[in-house]
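Structure file work.pdb (PDB, C-alpha atoms, pLDDT in the B column) follows.
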```pdb
MODEL        1
ATOM      1  CA  MET N   1      38.973 -31.962 -30.377  1.00 51.00           C
ATOM      2  CA  CYS N   2      35.909 -31.069 -28.305  1.00 68.00           C
ATOM      3  CA  ALA N   3      37.432 -32.497 -25.110  1.00 69.00           C
ATOM      4  CA  ASN N   4      40.603 -30.434 -25.666  1.00 75.00           C
ATOM      5  CA  THR N   5      38.552 -27.263 -26.175  1.00 84.00           C
ATOM      6  CA  ILE N   6      36.660 -27.833 -22.925  1.00 85.00           C
ATOM      7  CA  LYS N   7      39.914 -28.576 -21.057  1.00 87.00           C
ATOM      8  CA  ASP N   8      41.433 -25.403 -22.501  1.00 87.00           C
ATOM      9  CA  HIS N   9      38.450 -23.290 -21.374  1.00 84.00           C
ATOM     10  CA  VAL N  10      38.526 -24.825 -17.891  1.00 85.00           C
ATOM     11  CA  ARG N  11      42.292 -24.207 -17.625  1.00 88.00           C
ATOM     12  CA  ARG N  12      41.926 -20.542 -18.681  1.00 87.00           C
ATOM     13  CA  TRP N  13      38.995 -20.029 -16.324  1.00 82.00           C
ATOM     14  CA  THR N  14      40.950 -21.597 -13.424  1.00 84.00           C
ATOM     15  CA  GLU N  15      43.965 -19.387 -14.136  1.00 85.00           C
ATOM     16  CA  TRP N  16      41.776 -16.272 -14.252  1.00 82.00           C
ATOM     17  CA  MET N  17      40.155 -17.212 -10.930  1.00 80.00           C
ATOM     18  CA  GLU N  18      43.587 -17.676  -9.341  1.00 84.00           C
ATOM     19  CA  ARG N  19      44.626 -14.205 -10.539  1.00 86.00           C
ATOM     20  CA  HIS N  20      41.352 -12.678  -9.246  1.00 82.00           C
ATOM     21  CA  PRO N  21      40.564 -14.380  -5.905  1.00 81.00           C
ATOM     22  CA  TRP N  22      38.184 -11.569  -4.856  1.00 83.00           C
ATOM     23  CA  THR N  23      35.758 -12.756  -7.547  1.00 80.00           C
ATOM     24  CA  THR N  24      35.501 -16.196  -5.981  1.00 76.00           C
ATOM     25  CA  ARG N  25      35.094 -14.770  -2.499  1.00 81.00           C
ATOM     26  CA  THR N  26      32.447 -12.315  -3.672  1.00 84.00           C
ATOM     27  CA  ALA N  27      30.488 -15.003  -5.527  1.00 80.00           C
ATOM     28  CA  LEU N  28      30.627 -17.351  -2.533  1.00 80.00           C
ATOM     29  CA  GLY N  29      29.629 -14.516  -0.168  1.00 83.00           C
ATOM     30  CA  LEU N  30      26.639 -13.542  -2.304  1.00 78.00           C
ATOM     31  CA  ALA N  31      25.573 -17.173  -2.548  1.00 80.00           C
ATOM     32  CA  ALA N  32      25.817 -17.568   1.249  1.00 82.00           C
ATOM     33  CA  VAL N  33      23.805 -14.386   1.886  1.00 76.00           C
ATOM     34  CA  SER N  34      21.190 -15.467  -0.636  1.00 74.00           C
ATOM     35  CA  LEU N  35      20.837 -18.903   0.969  1.00 76.00           C
ATOM     36  CA  ALA N  36      20.643 -17.380   4.466  1.00 74.00           C
ATOM     37  CA  LEU N  37      17.936 -14.910   3.405  1.00 67.00           C
ATOM     38  CA  THR N  38      15.953 -17.697   1.748  1.00 69.00           C
ATOM     39  CA  ALA N  39      16.222 -19.864   4.869  1.00 70.00           C
ATOM     40  CA  LEU N  40      15.115 -17.006   7.150  1.00 62.00           C
ATOM     41  CA  SER N  41      12.378 -15.565   4.904  1.00 69.00           C
ATOM     42  CA  PRO N  42       9.439 -17.159   6.780  1.00 71.00           C
ATOM     43  CA  TRP N  43      10.455 -15.167   9.882  1.00 70.00           C
ATOM     44  CA  TYR N  44      12.520 -12.229   8.675  1.00 66.00           C
ATOM     45  CA  GLN N  45      12.605  -9.849   5.744  1.00 68.00           C
ATOM     46  CA  ILE N  46      14.803  -6.962   4.658  1.00 70.00           C
ATOM     47  CA  TYR N  47      12.832  -3.739   4.575  1.00 66.00           C
ATOM     48  CA  VAL N  48      14.175  -0.776   2.606  1.00 71.00           C
ATOM     49  CA  ARG N  49      12.730   2.657   3.235  1.00 68.00           C
ATOM     50  CA  ASP N  50      13.603   6.162   2.116  1.00 63.00           C
ATOM     51  CA  ASP N  51      11.498   8.670   3.981  1.00 67.00           C
ATOM     52  CA  GLU N  52      12.083  12.070   5.507  1.00 67.00           C
ATOM     53  CA  SER N  53      10.328  11.170   8.754  1.00 69.00           C
ATOM     54  CA  LEU N  54      13.135   8.781   9.789  1.00 66.00           C
ATOM     55  CA  PRO N  55      16.117   9.936   7.704  1.00 66.00           C
ATOM     56  CA  GLN N  56      18.909   8.348   9.739  1.00 71.00           C
ATOM     57  CA  TYR N  57      17.951   4.811   8.623  1.00 66.00           C
ATOM     58  CA  SER N  58      17.212   3.251   5.243  1.00 68.00           C
ATOM     59  CA  PHE N  59      17.646  -0.507   5.788  1.00 73.00           C
ATOM     60  CA  PHE N  60      15.778  -2.546   8.377  1.00 76.00           C
ATOM     61  CA  ILE N  61      15.222  -6.168   9.329  1.00 79.00           C
ATOM     62  CA  LEU N  62      11.551  -6.998   9.821  1.00 84.00           C
ATOM     63  CA  HIS N  63      10.797  -9.751  12.356  1.00 86.00           C
ATOM     64  CA  LYS N  64       7.529 -10.988  10.900  1.00 87.00           C
ATOM     65  CA  GLY N  65       4.668 -11.602  13.323  1.00 87.00           C
ATOM     66  CA  ALA N  66       6.401 -10.107  16.373  1.00 90.00           C
ATOM     67  CA  LEU N  67       4.158  -7.819  18.407  1.00 91.00           C
ATOM     68  CA  PRO N  68       5.725  -4.558  19.561  1.00 95.00           C
ATOM     69  CA  GLU N  69       6.630  -3.283  22.967  1.00 95.00           C
ATOM     70  CA  ARG N  70       6.880   0.414  23.785  1.00 96.00           C
ATOM     71  CA  GLY N  71       9.703   2.027  21.817  1.00 95.00           C
ATOM     72  CA  ASP N  72       9.931  -0.700  19.159  1.00 94.00           C
ATOM     73  CA  TYR N  73       9.811   0.243  15.507  1.00 93.00           C
ATOM     74  CA  VAL N  74       6.776  -1.380  13.920  1.00 93.00           C
ATOM     75  CA  ALA N  75       5.899  -2.205  10.314  1.00 90.00           C
ATOM     76  CA  PHE N  76       2.193  -2.103   9.534  1.00 92.00           C
ATOM     77  CA  GLU N  77       0.097  -2.108   6.403  1.00 90.00           C
ATOM     78  CA  MET N  78      -1.676   1.179   5.751  1.00 89.00           C
ATOM     79  CA  ALA N  79      -5.354   0.253   5.440  1.00 90.00           C
ATOM     80  CA  GLN N  80      -7.948   2.373   3.660  1.00 90.00           C
ATOM     81  CA  GLU N  81      -9.752   2.558   6.997  1.00 90.00           C
ATOM     82  CA  TYR N  82      -6.861   4.591   8.457  1.00 88.00           C
ATOM     83  CA  ALA N  83      -6.653   6.973   5.499  1.00 87.00           C
ATOM     84  CA  ASP N  84     -10.436   7.491   5.718  1.00 88.00           C
ATOM     85  CA  ARG N  85     -10.172   8.555   9.380  1.00 89.00           C
ATOM     86  CA  VAL N  86      -8.118  11.658   8.562  1.00 87.00           C
ATOM     87  CA  GLN N  87     -10.106  14.816   9.288  1.00 88.00           C
ATOM     88  CA  PRO N  88     -11.508  16.869   7.820  1.00 87.00           C
ATOM     89  CA  SER N  89     -12.826  14.285   5.376  1.00 85.00           C
ATOM     90  CA  GLY N  90     -13.360  14.919   1.684  1.00 83.00           C
ATOM     91  CA  PHE N  91      -9.746  15.743   0.844  1.00 82.00           C
ATOM     92  CA  GLN N  92      -7.433  13.621  -1.281  1.00 81.00           C
ATOM     93  CA  ARG N  93      -4.540  12.228   0.770  1.00 81.00           C
ATOM     94  CA  PRO N  94      -2.263  10.681  -1.900  1.00 80.00           C
ATOM     95  CA  TYR N  95       0.610  10.369   0.574  1.00 81.00           C
ATOM     96  CA  ALA N  96      -1.401   7.741   2.472  1.00 79.00           C
ATOM     97  CA  ARG N  97      -0.108   4.988   0.124  1.00 82.00           C
ATOM     98  CA  VAL N  98      -2.783   2.489   1.121  1.00 86.00           C
ATOM     99  CA  GLY N  99      -1.649  -1.145   0.982  1.00 84.00           C
ATOM    100  CA  LYS N 100       2.035  -0.301   1.542  1.00 85.00           C
ATOM    101  CA  LEU N 101       4.141  -1.071   4.603  1.00 84.00           C
ATOM    102  CA  TRP N 102       4.678   1.858   6.931  1.00 88.00           C
ATOM    103  CA  LEU N 103       7.257   2.152   9.689  1.00 89.00           C
ATOM    104  CA  LYS N 104       6.509   3.899  12.979  1.00 92.00           C
ATOM    105  CA  GLU N 105       7.529   3.680  16.628  1.00 94.00           C
ATOM    106  CA  ALA N 106       5.209   2.194  19.257  1.00 97.00           C
ATOM    107  CA  TYR N 107       4.438   5.126  21.558  1.00 97.00           C
ATOM    108  CA  GLY N 108       1.295   3.692  23.115  1.00 97.00           C
ATOM    109  CA  LEU N 109       0.111   0.170  23.970  1.00 97.00           C
ATOM    110  CA  ALA N 110      -3.170  -1.264  25.234  1.00 97.00           C
ATOM    111  CA  GLY N 111      -4.095   0.298  28.574  1.00 97.00           C
ATOM    112  CA  ASP N 112      -2.100   3.505  28.048  1.00 97.00           C
ATOM    113  CA  THR N 113      -3.935   6.808  28.344  1.00 97.00           C
ATOM    114  CA  VAL N 114      -4.155   9.138  25.358  1.00 97.00           C
ATOM    115  CA  ARG N 115      -5.483  12.682  25.334  1.00 96.00           C
ATOM    116  CA  VAL N 116      -5.506  15.597  22.930  1.00 96.00           C
ATOM    117  CA  GLN N 117      -5.014  19.123  24.200  1.00 95.00           C
ATOM    118  CA  GLY N 118      -5.382  21.579  21.347  1.00 94.00           C
ATOM    119  CA  ARG N 119      -3.055  20.160  18.695  1.00 94.00           C
ATOM    120  CA  ILE N 120      -0.754  18.308  21.139  1.00 95.00           C
ATOM    121  CA  ILE N 121      -1.195  14.579  21.775  1.00 96.00           C
ATOM    122  CA  PHE N 122      -0.171  13.019  25.075  1.00 97.00           C
ATOM    123  CA  VAL N 123       0.396   9.313  25.794  1.00 97.00           C
ATOM    124  CA  ASN N 124       0.554   8.558  29.522  1.00 97.00           C
ATOM    125  CA  GLU N 125       0.720  12.341  30.112  1.00 97.00           C
ATOM    126  CA  GLN N 126       3.890  12.662  27.997  1.00 96.00           C
ATOM    127  CA  PRO N 127       3.664  14.832  24.854  1.00 97.00           C
ATOM    128  CA  VAL N 128       4.396  12.601  21.833  1.00 96.00           C
ATOM    129  CA  ALA N 129       3.164  14.616  18.840  1.00 95.00           C
ATOM    130  CA  SER N 130       1.771  17.876  17.616  1.00 92.00           C
ATOM    131  CA  VAL N 131      -0.544  18.093  14.643  1.00 94.00           C
ATOM    132  CA  ILE N 132       0.248  20.552  11.868  1.00 91.00           C
ATOM    133  CA  HIS N 133      -2.554  22.786  10.566  1.00 92.00           C
ATOM    134  CA  LYS N 134      -2.079  21.949   6.864  1.00 86.00           C
ATOM    135  CA  ASP N 135      -0.596  18.948   5.078  1.00 87.00           C
ATOM    136  CA  ILE N 136       1.972  19.112   2.253  1.00 83.00           C
ATOM    137  CA  PHE N 137      -0.825  19.943  -0.208  1.00 87.00           C
ATOM    138  CA  LYS N 138      -1.988  22.879   1.969  1.00 88.00           C
ATOM    139  CA  GLN N 139      -5.141  20.957   2.938  1.00 89.00           C
ATOM    140  CA  PRO N 140      -6.420  21.296   6.517  1.00 92.00           C
ATOM    141  CA  ILE N 141      -5.699  18.424   8.855  1.00 90.00           C
ATOM    142  CA  GLU N 142      -6.997  17.785  12.372  1.00 92.00           C
ATOM    143  CA  PRO N 143      -5.905  15.556  15.274  1.00 93.00           C
ATOM    144  CA  ALA N 144      -7.487  12.113  15.421  1.00 93.00           C
ATOM    145  CA  GLN N 145     -10.152  11.389  18.015  1.00 92.00           C
ATOM    146  CA  PHE N 146      -9.079   8.854  20.637  1.00 95.00           C
ATOM    147  CA  VAL N 147     -10.805   6.532  23.094  1.00 95.00           C
ATOM    148  CA  SER N 148      -8.754   6.311  26.270  1.00 91.00           C
ATOM    149  CA  PRO N 149      -7.283   4.048  27.485  1.00 97.00           C
ATOM    150  CA  ILE N 150      -5.974   2.421  24.316  1.00 97.00           C
ATOM    151  CA  PRO N 151      -8.130  -0.673  23.664  1.00 97.00           C
ATOM    152  CA  GLU N 152      -6.676  -4.166  23.600  1.00 97.00           C
ATOM    153  CA  GLY N 153      -5.170  -5.040  20.208  1.00 96.00           C
ATOM    154  CA  GLN N 154      -4.542  -1.374  19.286  1.00 97.00           C
ATOM    155  CA  TYR N 155      -1.381   0.734  19.170  1.00 97.00           C
ATOM    156  CA  TYR N 156      -0.553   4.415  19.074  1.00 97.00           C
ATOM    157  CA  LEU N 157       2.249   4.562  16.474  1.00 97.00           C
ATOM    158  CA  GLY N 158       4.235   7.654  15.581  1.00 94.00           C
ATOM    159  CA  LEU N 159       7.527   9.318  14.776  1.00 92.00           C
ATOM    160  CA  PRO N 160       9.000  12.621  15.947  1.00 90.00           C
ATOM    161  CA  HIS N 161       8.933  14.245  12.493  1.00 88.00           C
ATOM    162  CA  PRO N 162       6.371  17.120  12.551  1.00 86.00           C
ATOM    163  CA  ARG N 163       4.712  15.941   9.305  1.00 86.00           C
ATOM    164  CA  SER N 164       4.685  12.237  10.157  1.00 87.00           C
ATOM    165  CA  PHE N 165       1.461  10.659   8.886  1.00 87.00           C
ATOM    166  CA  ASP N 166       0.809   8.500  11.922  1.00 91.00           C
ATOM    167  CA  SER N 167      -1.617   7.909  14.804  1.00 95.00           C
ATOM    168  CA  ARG N 168      -1.787  11.637  15.472  1.00 93.00           C
ATOM    169  CA  VAL N 169      -4.077  11.865  12.409  1.00 92.00           C
ATOM    170  CA  ILE N 170      -5.054   8.248  11.552  1.00 93.00           C
ATOM    171  CA  GLY N 171      -5.867   7.083  15.078  1.00 94.00           C
ATOM    172  CA  TYR N 172      -4.908   3.747  16.578  1.00 97.00           C
ATOM    173  CA  VAL N 173      -3.438   0.980  14.426  1.00 96.00           C
ATOM    174  CA  SER N 174      -4.901  -2.490  14.872  1.00 95.00           C
ATOM    175  CA  ALA N 175      -2.702  -5.494  15.694  1.00 95.00           C
ATOM    176  CA  LYS N 176      -4.210  -7.232  12.624  1.00 95.00           C
ATOM    177  CA  ASP N 177      -2.364  -4.751  10.395  1.00 95.00           C
ATOM    178  CA  VAL N 178       0.958  -4.978  12.240  1.00 94.00           C
ATOM    179  CA  ARG N 179       3.416  -7.069  10.203  1.00 91.00           C
ATOM    180  CA  GLY N 180       6.121  -7.197  12.841  1.00 91.00           C
ATOM    181  CA  VAL N 181       8.865  -5.452  14.759  1.00 90.00           C
ATOM    182  CA  VAL N 182      11.582  -3.715  12.755  1.00 86.00           C
ATOM    183  CA  TRP N 183      15.251  -3.283  13.670  1.00 84.00           C
ATOM    184  CA  PRO N 184      17.264  -0.526  11.960  1.00 74.00           C
ATOM    185  CA  VAL N 185      20.464  -1.725  10.284  1.00 76.00           C
ATOM    186  CA  PHE N 186      21.761   1.550   8.829  1.00 75.00           C
TER     187      PHE N 186
ENDMDL
END
```
Reformat the file's structure so that it appears as structure tokens.
Amino acid sequence: MCANTIKDHVRRWTEWMERHPWTTRTALGLAAVSLALTALSPWYQIYVRDDESLPQYSFFILHKGALPERGDYVAFEMAQEYADRVQPSGFQRPYARVGKLWLKEAYGLAGDTVRVQGRIIFVNEQPVASVIHKDIFKQPIEPAQFVSPIPEGQYYLGLPHPRSFDSRVIGYVSAKDVRGVVWPVF
């Protein structure tokens, strides 16, 4: 009796699968993607981000350990040290999200010149950012202070959004905090 019940269940399941082939294909596709992601996880990771400073992309592939070249998107971990550099000091900066991965573009590499003129920041004499007068909480904010040229193992990271919390206010980002190069997917 038990063997007949099992055979009956298997037969009904097989018939259902034949009537719904998309289910089999979907299950096999998800299994293949899952195995591929597991196999690649030491080197790559999917990075999901929803942020107004880079609204055209939400999904990225992070190439772990890769060091950026100019123009590459970079993932780095926001360290307390960077949040503490924001001037004037003494204000709460809850948007800093210390310990989280941040995504910015590599505007400046070691050896590049950086200068501040008023509230405009130049990398290799090209304007890359302007610093707003007040943050989203109406607190004053000032441009970071820079040593020029950019020291070895440091990066000037930024985005074009006017309120981007990036090197314009946190200063250079150290290579030790860079997690890798990021490629936008969509």
What separation in Å, quoted to one decimal, exists between CA of Lys176 in chain N and CA of Ala36 in chain N? 28.1 Å
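Distances to Val116 in chain N were evaluated for N:Arg25, N:Lys64, N:Arg11, N:Arg168 using all atoms listed in the file, and the minimum falls at N:Arg168.
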Just want the 9 Å neighbourhood of Pro143 in chain N, counted on all atoms listed in the file, with same-chain residues fewer than 6 positions away dropped. Output as a list of chain:residue names. N:Val86, N:Gln87, N:Val116, N:Gly118, N:Arg119, N:Ile120, N:Ile121, N:Ser130, N:Val131, N:Ile132, N:Ser167, N:Arg168, N:Val169, N:Ile170, N:Gly171
Write the residues of the selection above to a file with C-alpha atoms, as a PDB file, in the frame of the given file.
```pdb
ATOM      1  CA  VAL N  86      -8.118  11.658   8.562  1.00 87.00           C
ATOM      2  CA  GLN N  87     -10.106  14.816   9.288  1.00 88.00           C
ATOM      3  CA  VAL N 116      -5.506  15.597  22.930  1.00 96.00           C
ATOM      4  CA  GLY N 118      -5.382  21.579  21.347  1.00 94.00           C
ATOM      5  CA  ARG N 119      -3.055  20.160  18.695  1.00 94.00           C
ATOM      6  CA  ILE N 120      -0.754  18.308  21.139  1.00 95.00           C
ATOM      7  CA  ILE N 121      -1.195  14.579  21.775  1.00 96.00           C
ATOM      8  CA  SER N 130       1.771  17.876  17.616  1.00 92.00           C
ATOM      9  CA  VAL N 131      -0.544  18.093  14.643  1.00 94.00           C
ATOM     10  CA  ILE N 132       0.248  20.552  11.868  1.00 91.00           C
ATOM     11  CA  SER N 167      -1.617   7.909  14.804  1.00 95.00           C
ATOM     12  CA  ARG N 168      -1.787  11.637  15.472  1.00 93.00           C
ATOM     13  CA  VAL N 169      -4.077  11.865  12.409  1.00 92.00           C
ATOM     14  CA  ILE N 170      -5.054   8.248  11.552  1.00 93.00           C
ATOM     15  CA  GLY N 171      -5.867   7.083  15.078  1.00 94.00           C
TER      16      GLY N 171
END
```
From the list N:His20, N:His133, N:His9, N:Lys100, which residue is nearest Val178 in chain N when using only C-alpha atoms?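 Of N:His20, N:His133, N:His9, N:Lys100, the one nearest Val178 in chain N is N:Lys100, counting only C-alpha atoms.
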Considering only C-alpha atoms, tabulate each residue of range 107-168 of chain N that lies at most 12 Å from range 72-75 of chain N along with its nearest interatomic pair and the corresponding distance in Å to one decimal; arrange the rows by chain and ascending residue number and present them as a Markdown table.
```
| residue | atom | partner | partner_atom | distance |
| --- | --- | --- | --- | --- |
| N:Tyr107 | CA | N:Asp72 | CA | 8.4 |
| N:Gly108 | CA | N:Asp72 | CA | 10.5 |
| N:Leu109 | CA | N:Asp72 | CA | 11.0 |
| N:Tyr155 | CA | N:Val74 | CA | 9.9 |
| N:Tyr156 | CA | N:Val74 | CA | 10.7 |
| N:Leu157 | CA | N:Val74 | CA | 7.9 |
| N:Gly158 | CA | N:Tyr73 | CA | 9.3 |
| N:Leu159 | CA | N:Tyr73 | CA | 9.4 |
| N:Asp166 | CA | N:Val74 | CA | 11.7 |
```
For Gly71 in chain N, the closest of N:Ile136, N:Val98, N:Ala106, N:Leu35 counting all atoms listed in the file is N:Ala106
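Pairwise distance (CA of Glu142 in chain N, CA of Gly180 in chain N) equals 28.2 Å.
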Nearest residue to Val182 in chain N out of N:Met78, N:Ala27, N:Leu103, N:Met17, using only C-alpha atoms?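 Counting only C-alpha atoms, the residue closest to Val182 in chain N is N:Leu103.
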Hey, can you check how far CA of Glu69 in chain N sits from CA of Glu105 in chain N?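 For CA of Glu69 in chain N relative to CA of Glu105 in chain N, the distance reads 9.5 Å.
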Nearest to Leu62 in chain N: which of N:Tyr172, N:Phe165, N:Trp102, N:Tyr95 is it, counting all atoms listed in the file?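 Of the candidates, the smallest distance to Leu62 in chain N is held by N:Trp102.
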Counting all atoms listed in the file, the residue of N:Thr26, N:Thr14, N:Asn124, N:Ser164 that sits nearest Lys104 in chain N: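 Ranked by minimum distance to Lys104 in chain N, first place goes to N:Ser164.
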